[in-house]
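**Student:** This is the content of my_file-v6.csv (CSV, C-alpha atoms):
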chain,number,residue,atom,x,y,z
A,22,MET,CA,68.4,-207.3,-39.7
A,23,SER,CA,71.3,-208.8,-41.8
A,24,LYS,CA,73.6,-211.5,-40.5
A,25,ARG,CA,76.5,-209.1,-40.9
A,26,LYS,CA,74.9,-206.5,-38.7
A,27,ILE,CA,74.0,-209.1,-36.1
A,28,PHE,CA,77.6,-210.3,-36.1
A,29,ASP,CA,78.9,-206.8,-35.6
A,30,ILE,CA,76.5,-206.1,-32.7
A,31,ILE,CA,77.7,-209.3,-31.0
A,32,ILE,CA,81.3,-208.3,-31.5
A,33,ALA,CA,80.6,-204.9,-30.1
A,34,LEU,CA,78.8,-206.4,-27.1
A,35,LEU,CA,81.8,-208.6,-26.4
A,36,ALA,CA,84.1,-205.6,-26.8
A,37,ILE,CA,82.1,-203.5,-24.3
A,38,LEU,CA,82.0,-206.4,-21.8
A,39,ALA,CA,85.8,-207.0,-22.1
A,40,MET,CA,86.5,-203.3,-21.8
A,41,PHE,CA,84.4,-203.1,-18.6
A,42,VAL,CA,86.1,-206.1,-17.0
A,43,LEU,CA,89.7,-205.2,-18.0
A,44,GLY,CA,89.0,-201.6,-17.1
A,45,PHE,CA,88.5,-202.5,-13.5
A,46,LEU,CA,91.3,-205.1,-13.4
A,47,LEU,CA,94.2,-203.4,-15.0
A,48,PRO,CA,95.9,-200.3,-13.6
A,49,LEU,CA,96.4,-197.2,-15.9
A,50,PHE,CA,95.6,-199.2,-19.2
A,51,GLY,CA,92.3,-200.1,-17.7
A,52,THR,CA,91.4,-196.5,-17.2
A,53,VAL,CA,92.1,-195.9,-20.9
A,54,LEU,CA,89.8,-198.8,-21.8
A,55,LEU,CA,87.0,-197.3,-19.7
A,56,LEU,CA,87.4,-193.9,-21.4
A,57,LEU,CA,87.1,-195.7,-24.8
A,58,LEU,CA,83.8,-197.3,-24.0
A,59,PRO,CA,81.9,-195.1,-26.6
A,60,LEU,CA,84.1,-196.5,-29.3
A,61,PRO,CA,82.1,-199.7,-30.3
A,62,ILE,CA,78.9,-197.6,-30.5
A,63,ILE,CA,80.6,-194.9,-32.6
A,64,ILE,CA,81.8,-197.5,-35.1
A,65,LEU,CA,78.3,-199.1,-35.3
A,66,PHE,CA,76.7,-195.7,-35.8
A,67,VAL,CA,79.1,-194.7,-38.7
A,68,LYS,CA,79.0,-198.2,-40.3
A,69,TYR,CA,75.2,-198.5,-40.2
A,70,ASP,CA,72.9,-195.9,-38.8
A,71,ILE,CA,71.5,-194.2,-35.6
A,72,GLN,CA,68.8,-196.8,-35.2
A,73,THR,CA,71.5,-199.5,-34.9
A,74,ALA,CA,73.5,-197.4,-32.4
A,75,LEU,CA,70.4,-196.7,-30.3
A,76,PHE,CA,69.4,-200.4,-30.3
A,77,PHE,CA,72.8,-201.4,-29.3
A,78,ILE,CA,72.9,-198.8,-26.4
A,79,LEU,CA,69.6,-200.1,-25.0
A,80,LEU,CA,70.6,-203.8,-25.4
A,81,SER,CA,74.1,-203.3,-23.9
A,82,SER,CA,72.7,-201.1,-21.1
A,83,THR,CA,70.1,-203.7,-20.2
A,84,LEU,CA,72.5,-206.6,-20.3
A,85,LEU,CA,75.1,-204.8,-18.2
A,86,ALA,CA,72.5,-203.7,-15.7
A,87,LEU,CA,71.2,-207.3,-15.3
A,88,GLY,CA,74.6,-208.9,-15.3
A,89,ILE,CA,76.8,-206.5,-13.3
A,90,SER,CA,74.9,-203.5,-11.7
A,91,PRO,CA,71.7,-201.6,-12.4
A,92,ILE,CA,73.6,-198.3,-12.2
A,93,LEU,CA,75.4,-199.2,-15.4
A,94,PHE,CA,72.1,-198.8,-17.3
A,95,ILE,CA,72.1,-195.0,-16.5
A,96,ILE,CA,75.9,-194.7,-17.1
A,97,MET,CA,75.6,-196.5,-20.5
A,98,ILE,CA,72.8,-194.2,-21.7
A,99,ILE,CA,73.7,-190.8,-20.2
A,100,ASN,CA,77.5,-191.0,-20.3
A,101,ILE,CA,78.7,-193.5,-22.9
A,102,GLY,CA,75.6,-193.4,-25.1
A,103,LEU,CA,75.5,-189.6,-25.3
A,104,ILE,CA,79.1,-189.3,-26.2
A,105,ALA,CA,78.9,-192.1,-28.8
A,106,VAL,CA,75.8,-190.8,-30.5
A,107,VAL,CA,77.0,-187.2,-30.8
A,108,MET,CA,80.5,-188.2,-32.1
A,109,GLY,CA,79.1,-190.8,-34.4
A,110,ALA,CA,76.6,-188.3,-35.9
A,111,ALA,CA,79.4,-185.8,-36.4
A,112,ILE,CA,81.5,-188.3,-38.2
A,113,LYS,CA,78.6,-189.6,-40.2
A,114,GLU,CA,77.7,-186.1,-41.3
A,115,ASN,CA,81.4,-185.6,-42.5
A,116,PHE,CA,82.1,-182.8,-40.1
A,117,SER,CA,85.6,-181.4,-40.1
A,118,ALA,CA,88.1,-183.1,-37.8
A,119,PHE,CA,88.0,-180.1,-35.4
A,120,LYS,CA,84.2,-180.0,-35.3
A,121,ILE,CA,84.1,-183.8,-34.5
A,122,PHE,CA,86.6,-183.3,-31.7
A,123,LEU,CA,84.7,-180.2,-30.4
A,124,THR,CA,81.3,-181.9,-30.4
A,125,GLY,CA,82.9,-184.9,-28.6
A,126,PHE,CA,84.3,-182.6,-26.0
A,127,ILE,CA,81.0,-180.8,-25.4
A,128,ALA,CA,79.1,-184.1,-25.1
A,129,SER,CA,81.7,-185.5,-22.8
A,130,PHE,CA,81.6,-182.5,-20.5
A,131,ILE,CA,77.8,-182.5,-20.4
A,132,SER,CA,77.6,-186.2,-19.7
A,133,LEU,CA,80.2,-186.0,-16.9
A,134,MET,CA,78.2,-183.2,-15.3
A,135,LEU,CA,74.9,-185.1,-15.6
A,136,ILE,CA,76.5,-188.2,-14.0
A,137,LEU,CA,77.8,-186.1,-11.2
A,138,ALA,CA,74.4,-184.5,-10.6
A,139,ILE,CA,72.5,-187.8,-10.8
A,140,SER,CA,75.0,-189.4,-8.4
A,141,ILE,CA,74.6,-186.6,-5.8
A,142,TYR,CA,70.9,-185.7,-6.1
A,143,ILE,CA,69.2,-188.9,-7.1
A,144,PHE,CA,71.4,-191.7,-5.7
A,145,ASP,CA,72.6,-189.6,-2.7
A,146,VAL,CA,76.2,-190.6,-3.3
A,147,ASP,CA,78.6,-189.0,-0.8
A,148,ILE,CA,81.3,-187.9,-3.2
A,149,ILE,CA,83.4,-186.3,-0.4
A,150,ALA,CA,83.4,-189.6,1.5
A,151,ILE,CA,84.5,-191.5,-1.6
A,152,LEU,CA,87.3,-189.0,-2.4
A,153,THR,CA,88.5,-189.1,1.2
A,154,GLN,CA,88.7,-192.9,1.1
A,155,ASN,CA,90.5,-192.9,-2.2
A,156,ILE,CA,93.0,-190.3,-0.9
A,157,GLU,CA,93.6,-192.4,2.2
A,158,ASP,CA,94.1,-195.5,0.1
A,159,MET,CA,96.6,-193.8,-2.1
A,160,LEU,CA,98.5,-192.4,0.9
A,161,ALA,CA,98.5,-195.9,2.4
A,162,MET,CA,100.1,-197.3,-0.7
A,163,SER,CA,102.7,-194.5,-1.0
A,164,GLU,CA,105.9,-193.7,0.9
A,165,LEU,CA,104.3,-190.4,2.0
A,166,ASN,CA,102.2,-192.3,4.6
A,167,GLN,CA,105.4,-193.7,6.2
A,168,LEU,CA,106.9,-190.3,6.4
A,169,ILE,CA,103.9,-188.7,8.1
A,170,ASP,CA,103.7,-190.2,11.6
A,171,ASP,CA,101.5,-187.5,13.1
A,172,SER,CA,97.8,-188.4,12.5
A,173,PHE,CA,96.8,-184.7,12.7
A,174,LEU,CA,99.3,-183.9,10.0
A,175,LEU,CA,97.9,-186.7,7.9
A,176,GLU,CA,94.4,-185.3,8.4
A,177,ASP,CA,95.7,-181.9,7.2
A,178,VAL,CA,97.1,-183.5,4.0
A,179,ILE,CA,93.8,-185.2,3.3
A,180,SER,CA,91.9,-182.0,4.1
A,181,GLU,CA,94.1,-179.9,1.8
A,182,THR,CA,93.8,-182.4,-1.0
A,183,LEU,CA,90.0,-182.5,-0.7
A,184,ASN,CA,89.9,-178.7,-0.7
A,185,PHE,CA,92.0,-178.5,-3.8
A,186,ILE,CA,89.8,-181.1,-5.6
A,187,LYS,CA,86.6,-179.3,-4.7
A,188,SER,CA,87.9,-175.9,-5.8
A,189,SER,CA,89.4,-177.2,-9.1
A,190,PHE,CA,86.9,-179.8,-10.2
A,191,PRO,CA,85.7,-177.7,-13.2
A,192,ALA,CA,89.2,-177.8,-14.7
A,193,MET,CA,89.4,-181.5,-13.9
A,194,PHE,CA,86.2,-182.2,-15.7
A,195,ILE,CA,87.2,-180.0,-18.7
A,196,SER,CA,90.6,-181.9,-18.9
A,197,LEU,CA,88.8,-185.3,-18.6
A,198,ALA,CA,86.3,-184.3,-21.3
A,199,LEU,CA,89.2,-183.3,-23.6
A,200,VAL,CA,90.9,-186.7,-22.9
A,201,ILE,CA,87.7,-188.7,-23.6
A,202,ALA,CA,87.0,-186.7,-26.8
A,203,ALA,CA,90.6,-187.1,-28.1
A,204,LEU,CA,90.9,-190.8,-27.3
A,205,ASN,CA,87.6,-191.7,-29.0
A,206,TYR,CA,88.2,-189.4,-31.9
A,207,TYR,CA,91.7,-190.7,-32.8
A,208,VAL,CA,90.9,-194.4,-32.1
A,209,ALA,CA,87.6,-194.3,-33.9
A,210,THR,CA,89.1,-192.6,-36.9
A,211,LEU,CA,91.9,-195.2,-37.1
A,212,PHE,CA,89.3,-198.1,-37.0
A,213,LEU,CA,87.0,-196.4,-39.5
A,214,VAL,CA,89.8,-195.8,-41.9
A,215,GLU,CA,90.7,-199.5,-41.7
A,216,LEU,CA,87.1,-200.4,-42.3
A,217,LYS,CA,87.0,-198.0,-45.2
A,218,ALA,CA,84.0,-196.2,-43.5
A,219,LYS,CA,85.8,-192.9,-43.3
A,220,ASN,CA,88.5,-191.0,-45.2
A,221,ASN,CA,91.8,-190.4,-43.5
A,222,SER,CA,91.4,-187.0,-41.9
A,223,PHE,CA,93.2,-186.3,-38.6
A,224,LEU,CA,93.7,-183.5,-36.2
A,225,LEU,CA,97.4,-183.3,-36.4
A,226,ILE,CA,98.8,-183.3,-32.9
A,227,GLU,CA,102.2,-182.2,-34.2
A,228,LYS,CA,100.6,-178.9,-35.2
A,229,PHE,CA,99.1,-178.2,-31.8
A,230,LYS,CA,100.6,-174.9,-30.5
A,231,LEU,CA,99.5,-172.6,-27.7
A,232,PRO,CA,100.0,-168.8,-28.1
A,233,ARG,CA,102.8,-167.2,-26.1
A,234,ILE,CA,100.4,-165.4,-23.9
A,235,THR,CA,99.9,-168.8,-22.3
A,236,LEU,CA,103.2,-168.4,-20.5
A,237,LEU,CA,101.9,-165.2,-18.9
A,238,LEU,CA,98.7,-166.8,-17.8
A,239,PHE,CA,100.6,-169.8,-16.5
A,240,ILE,CA,102.9,-167.6,-14.4
A,241,LEU,CA,100.0,-165.3,-13.2
A,242,SER,CA,97.9,-168.4,-12.1
A,243,ILE,CA,100.9,-169.7,-10.1
A,244,PHE,CA,101.3,-166.4,-8.2
A,245,THR,CA,97.5,-166.1,-7.6
A,246,ILE,CA,97.0,-169.8,-6.8
A,247,GLU,CA,94.9,-168.9,-3.7
A,248,PHE,CA,92.0,-167.9,-5.9
A,249,ILE,CA,89.7,-170.7,-7.2
A,250,ILE,CA,89.7,-169.4,-10.8
A,251,SER,CA,93.6,-169.4,-10.8
A,252,LYS,CA,93.7,-173.0,-9.7
A,253,ASN,CA,91.3,-174.0,-12.6
A,254,ILE,CA,93.3,-171.9,-15.1
A,255,LEU,CA,96.6,-173.4,-13.9
A,256,LEU,CA,95.2,-177.0,-14.2
A,257,ILE,CA,93.8,-176.5,-17.7
A,258,ILE,CA,97.0,-174.7,-19.0
A,259,THR,CA,99.2,-177.4,-17.4
A,260,PHE,CA,97.1,-180.1,-19.2
A,261,LEU,CA,97.4,-178.3,-22.5
A,262,LEU,CA,101.1,-177.7,-22.1
A,263,VAL,CA,101.6,-181.5,-21.5
A,264,ILE,CA,99.7,-182.1,-24.8
A,265,GLN,CA,102.0,-179.6,-26.5
A,266,GLY,CA,105.0,-181.5,-25.2
A,267,VAL,CA,103.5,-184.7,-26.7
A,268,GLY,CA,103.0,-182.9,-30.0
A,269,LEU,CA,106.6,-181.6,-30.0
A,270,LEU,CA,108.0,-185.1,-29.4
A,271,TYR,CA,105.7,-186.5,-32.1
A,272,TRP,CA,106.9,-183.8,-34.6
A,273,TYR,CA,110.6,-184.5,-33.8
A,274,PHE,CA,110.5,-188.3,-33.9
A,275,GLN,CA,107.8,-189.0,-36.5
A,276,ASN,CA,110.4,-189.6,-39.3
A,277,LYS,CA,112.9,-191.3,-37.0
A,278,ILE,CA,110.8,-194.0,-35.2
A,279,ASN,CA,108.1,-196.4,-36.5
A,280,PHE,CA,104.7,-194.8,-36.2
A,281,SER,CA,103.1,-197.6,-34.1
A,282,ILE,CA,106.1,-197.7,-31.7
A,283,LEU,CA,106.1,-193.9,-31.4
A,284,ILE,CA,102.4,-193.8,-30.6
A,285,ILE,CA,102.9,-196.5,-27.9
A,286,ILE,CA,105.8,-194.6,-26.4
A,287,LEU,CA,104.0,-191.3,-26.3
A,288,ALA,CA,100.9,-193.0,-24.9
A,289,ILE,CA,102.9,-194.5,-22.1
A,290,MET,CA,104.6,-191.2,-21.4
A,291,THR,CA,101.3,-189.4,-21.2
A,292,ILE,CA,99.7,-192.0,-18.8
A,293,LEU,CA,102.7,-192.3,-16.4
A,294,PRO,CA,102.5,-189.4,-13.9
A,295,MET,CA,106.3,-189.3,-13.4
A,296,MET,CA,106.7,-188.4,-17.1
A,297,ASN,CA,104.2,-185.5,-17.0
A,298,PRO,CA,106.8,-182.9,-15.6
A,299,LEU,CA,109.1,-183.7,-18.6
A,300,LEU,CA,106.2,-183.2,-21.1
A,301,LEU,CA,105.2,-180.0,-19.2
A,302,LEU,CA,108.7,-178.6,-19.5
A,303,LEU,CA,108.9,-179.4,-23.2
A,304,GLY,CA,105.5,-177.7,-23.7
A,305,LEU,CA,106.7,-174.6,-21.9
A,306,LEU,CA,109.9,-174.4,-23.8
A,307,ASP,CA,108.1,-174.9,-27.1
A,308,VAL,CA,105.6,-172.1,-26.3
A,309,ALA,CA,108.5,-169.8,-25.5
A,310,PHE,CA,110.8,-170.7,-28.4
A,311,ASP,CA,108.5,-172.4,-31.0
A,312,PHE,CA,111.1,-175.0,-32.0
A,313,ARG,CA,109.0,-176.1,-35.0
A,314,SER,CA,108.9,-172.7,-36.6
A,315,LEU,CA,112.7,-172.3,-36.0
A,316,ALA,CA,113.3,-175.7,-37.6
A,317,ASN,CA,111.2,-174.6,-40.6
A,318,GLN,CA,113.1,-171.4,-41.0
A,319,ASP,CA,116.4,-173.3,-41.0
Would you mind giving the structure from this file in C-alpha cells?
**Tutor:**
Amino acid sequence: MSKRKIFDIIIALLAILAMFVLGFLLPLFGTVLLLLLPLPIIILFVKYDIQTALFFILLSSTLLALGISPILFIIMIINIGLIAVVMGAAIKENFSAFKIFLTGFIASFISLMLILAISIYIFDVDIIAILTQNIEDMLAMSELNQLIDDSFLLEDVISETLNFIKSSFPAMFISLALVIAALNYYVATLFLVELKAKNNSFLLIEKFKLPRITLLLFILSIFTIEFIISKNILLIITFLLVIQGVGLLYWYFQNKINFSILIIILAIMTILPMMNPLLLLLGLLDVAFDFRSLANQD
C-alpha cells in the first residue's frame, strides 16, 4: 500500500470521526453531515478501487464500534457502506448522472429499510417509544406546549402525530433516501471534479420539472388525506415540489449571484422548516405556469 493511499485513508478516517461528532453536536447542519457519511468512502472508491473502499469500511466500522458504540459497526456496513459502495461503483463505471443518482436512491432506501428491520427484530428497539419521547421533547421546547394546558389534549396531539408518522413512513423513507442520494451525488461529484477523478457532469437542478398532472394528484391527495396511500402521495409530491421551488430559484438567480453564495443560501432555505412553505408555493406556481418555458419563449 502506497504512502499516498495510507495518507488518504487516515484523512478519510478523521473526516468520518469529525462528521460523527459534529453531526450529534450541531443542529440542522449536523444532520447534513450525518447524511454525508458515505462521502469519504465514495471518494476513496473512485480514486483507488473497491478493495480500498471495503478495507476502509471494515477499518472505520471496527474503530467506531470500539471507540463509540458497537451498533455503529452494523450502521457503517449496512447503511453507510452499502450506499458508498453502490454509488462509488456507479461513478467508477462512468454511469450517466441520472443512473448514479438512481442507484444511490435505491441503495439508500434499501439500507434504511434494513436498518429499521434490524433495529426492530434483532435489537428489539421500541421505535414507537423513541418517537413518542422525541415528539414530547419537541413539544416541550415549542410554544405549542405552553398553549396546551390540558394533558388529555396533549396526549391526543402526540397520538395523532404518531399515527401520521406510522401511516406515512414509506413516503418519509423515500424522501430521506432521495435526500441522501442527492447530497452524496452532488458533493462527491464536486470533490471528484476538484481531484480530477471525474469529469464535470451534473444533474442540473434548474431543469427539474414536474408534469402538470402533479397538481391534480396534489389536490386529490389533500381531499382524500384520510387514506394511507393519499398521505404518502401528498408527502412525496410536497417534497418534490419543494425541490422544484429550489430549482426555480437557482435558475432565476444563477447569473445574478455568485455560485457558492447561491448554493449556501438555497441549502439554508431548504434546511430551515419555515422556508419550506415558500419553496412549496414556488414549486406549485412553476408547475402551473412553467416560468422557465415562458422566459425562453420571450
**Student:** Hey, which of A:Ser189, A:Asn276, A:Asn205, A:Ser132 ends up closest to Ile95 of chain A? Count only C-alpha atoms.
**Tutor:** A:Ser132
**Student:** Taking all atoms listed in the file into account, which of A:Gly102, A:Gly44, A:Pro61, A:Pro191 comes nearest Leu137 of chain A?
**Tutor:**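 The answer is A:Pro191, which sits nearest to Leu137 of chain A.
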**Student:** Please indicate the distance in Å from atom CA of Asn115 of chain A to atom CA of Phe194 of chain A, rounded to one decimal place.
**Tutor:** 27.4 Å
**Student:** Just to confirm, what's the straight-line distance from atom CA of Ile264 of chain A to atom CA of Leu225 of chain A in Å (one decimal)?
**Tutor:**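 Separation between atom CA of Ile264 of chain A and atom CA of Leu225 of chain A: 11.9 Å.
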**Student:** A:Leu55, A:Leu261, A:Ala316, A:Leu135: which is nearest Leu303 of chain A, counting all atoms listed in the file?
**Tutor:**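 Distance minimum relative to Leu303 of chain A lands on A:Leu261.
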**Student:** Would you mind telling me which residue in A:Phe229, A:Phe244, A:Phe239, A:Tyr206 lies nearest to Leu60 of chain A when using all atoms listed in the file?
**Tutor:**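 Checking each candidate against Leu60 of chain A, we get A:Tyr206 as the closest.
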**Student:** Near Phe144 of chain A, within 12 Å and counting only C-alpha atoms, which residues show up once chain neighbours fewer than 4 positions away are dropped, as a ChimeraX atom specification?
**Tutor:** /A:91-92,95,136-140,148
**Student:** Tell me which of A:Ile186, A:Phe126, A:Ala203, A:Gln318 sits closest to Leu256 of chain A, counting all atoms listed in the file.
**Tutor:**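 Counting all atoms listed in the file, the residue closest to Leu256 of chain A is A:Ile186.
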**Student:** So the first atom is atom CA of Ile143 of chain A and the second is atom CA of Ile131 of chain A; what is the distance between them in Å, to one decimal place?
**Tutor:**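 We find that atom CA of Ile143 of chain A and atom CA of Ile131 of chain A lie 17.1 Å from each other.
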**Student:** Missing atoms in segment 41-64 of chain A: can you complete it with N, CA and C atoms, as a PDB file, keeping the file's coordinate frame?
**Tutor:**
ATOM      1  N   PHE A  41      84.907-203.302 -19.990  1.00  0.00           N
ATOM      2  CA  PHE A  41      84.400-203.100 -18.600  1.00  0.00           C
ATOM      3  C   PHE A  41      85.269-203.930 -17.629  1.00  0.00           C
ATOM      4  N   VAL A  42      85.396-205.218 -17.933  1.00  0.00           N
ATOM      5  CA  VAL A  42      86.100-206.100 -17.000  1.00  0.00           C
ATOM      6  C   VAL A  42      87.562-205.749 -16.886  1.00  0.00           C
ATOM      7  N   LEU A  43      88.241-205.576 -18.030  1.00  0.00           N
ATOM      8  CA  LEU A  43      89.700-205.200 -18.000  1.00  0.00           C
ATOM      9  C   LEU A  43      89.887-203.830 -17.446  1.00  0.00           C
ATOM     10  N   GLY A  44      88.899-202.964 -17.645  1.00  0.00           N
ATOM     11  CA  GLY A  44      89.000-201.600 -17.100  1.00  0.00           C
ATOM     12  C   GLY A  44      89.137-201.533 -15.629  1.00  0.00           C
ATOM     13  N   PHE A  45      88.476-202.463 -14.941  1.00  0.00           N
ATOM     14  CA  PHE A  45      88.500-202.500 -13.500  1.00  0.00           C
ATOM     15  C   PHE A  45      89.638-203.382 -12.937  1.00  0.00           C
ATOM     16  N   LEU A  46      90.225-204.200 -13.821  1.00  0.00           N
ATOM     17  CA  LEU A  46      91.300-205.100 -13.400  1.00  0.00           C
ATOM     18  C   LEU A  46      92.677-204.578 -13.596  1.00  0.00           C
ATOM     19  N   LEU A  47      92.865-203.818 -14.676  1.00  0.00           N
ATOM     20  CA  LEU A  47      94.200-203.400 -15.000  1.00  0.00           C
ATOM     21  C   LEU A  47      94.450-201.928 -14.586  1.00  0.00           C
ATOM     22  N   PRO A  48      95.589-201.659 -13.981  1.00  0.00           N
ATOM     23  CA  PRO A  48      95.900-200.300 -13.600  1.00  0.00           C
ATOM     24  C   PRO A  48      96.338-199.475 -14.850  1.00  0.00           C
ATOM     25  N   LEU A  49      96.031-198.187 -14.860  1.00  0.00           N
ATOM     26  CA  LEU A  49      96.400-197.200 -15.900  1.00  0.00           C
ATOM     27  C   LEU A  49      95.766-197.626 -17.268  1.00  0.00           C
ATOM     28  N   PHE A  50      96.200-198.755 -17.870  1.00  0.00           N
ATOM     29  CA  PHE A  50      95.600-199.200 -19.200  1.00  0.00           C
ATOM     30  C   PHE A  50      94.152-199.414 -19.052  1.00  0.00           C
ATOM     31  N   GLY A  51      93.709-199.921 -17.898  1.00  0.00           N
ATOM     32  CA  GLY A  51      92.300-200.100 -17.700  1.00  0.00           C
ATOM     33  C   GLY A  51      91.493-198.855 -17.720  1.00  0.00           C
ATOM     34  N   THR A  52      92.069-197.795 -17.189  1.00  0.00           N
ATOM     35  CA  THR A  52      91.400-196.500 -17.200  1.00  0.00           C
ATOM     36  C   THR A  52      91.189-196.031 -18.659  1.00  0.00           C
ATOM     37  N   VAL A  53      92.199-196.247 -19.502  1.00  0.00           N
ATOM     38  CA  VAL A  53      92.100-195.900 -20.900  1.00  0.00           C
ATOM     39  C   VAL A  53      90.954-196.663 -21.579  1.00  0.00           C
ATOM     40  N   LEU A  54      90.848-197.950 -21.253  1.00  0.00           N
ATOM     41  CA  LEU A  54      89.800-198.800 -21.800  1.00  0.00           C
ATOM     42  C   LEU A  54      88.396-198.251 -21.407  1.00  0.00           C
ATOM     43  N   LEU A  55      88.252-197.844 -20.148  1.00  0.00           N
ATOM     44  CA  LEU A  55      87.000-197.300 -19.700  1.00  0.00           C
ATOM     45  C   LEU A  55      86.612-196.016 -20.399  1.00  0.00           C
ATOM     46  N   LEU A  56      87.620-195.187 -20.668  1.00  0.00           N
ATOM     47  CA  LEU A  56      87.400-193.900 -21.400  1.00  0.00           C
ATOM     48  C   LEU A  56      87.021-194.175 -22.847  1.00  0.00           C
ATOM     49  N   LEU A  57      87.399-195.353 -23.361  1.00  0.00           N
ATOM     50  CA  LEU A  57      87.100-195.700 -24.800  1.00  0.00           C
ATOM     51  C   LEU A  57      85.822-196.472 -24.948  1.00  0.00           C
ATOM     52  N   LEU A  58      85.009-196.564 -23.915  1.00  0.00           N
ATOM     53  CA  LEU A  58      83.800-197.300 -24.000  1.00  0.00           C
ATOM     54  C   LEU A  58      82.801-196.838 -25.111  1.00  0.00           C
ATOM     55  N   PRO A  59      82.765-195.545 -25.441  1.00  0.00           N
ATOM     56  CA  PRO A  59      81.900-195.100 -26.600  1.00  0.00           C
ATOM     57  C   PRO A  59      82.333-195.659 -27.917  1.00  0.00           C
ATOM     58  N   LEU A  60      83.558-196.137 -28.033  1.00  0.00           N
ATOM     59  CA  LEU A  60      84.100-196.500 -29.300  1.00  0.00           C
ATOM     60  C   LEU A  60      83.307-197.536 -30.120  1.00  0.00           C
ATOM     61  N   PRO A  61      82.923-198.699 -29.539  1.00  0.00           N
ATOM     62  CA  PRO A  61      82.100-199.700 -30.300  1.00  0.00           C
ATOM     63  C   PRO A  61      80.831-199.079 -30.857  1.00  0.00           C
ATOM     64  N   ILE A  62      80.194-198.198 -30.072  1.00  0.00           N
ATOM     65  CA  ILE A  62      78.900-197.600 -30.500  1.00  0.00           C
ATOM     66  C   ILE A  62      79.170-196.609 -31.645  1.00  0.00           C
ATOM     67  N   ILE A  63      80.252-195.832 -31.550  1.00  0.00           N
ATOM     68  CA  ILE A  63      80.600-194.900 -32.600  1.00  0.00           C
ATOM     69  C   ILE A  63      80.786-195.642 -33.939  1.00  0.00           C
ATOM     70  N   ILE A  64      81.519-196.757 -33.882  1.00  0.00           N
ATOM     71  CA  ILE A  64      81.800-197.500 -35.100  1.00  0.00           C
ATOM     72  C   ILE A  64      80.494-198.098 -35.683  1.00  0.00           C
TER      73      ILE A  64
END
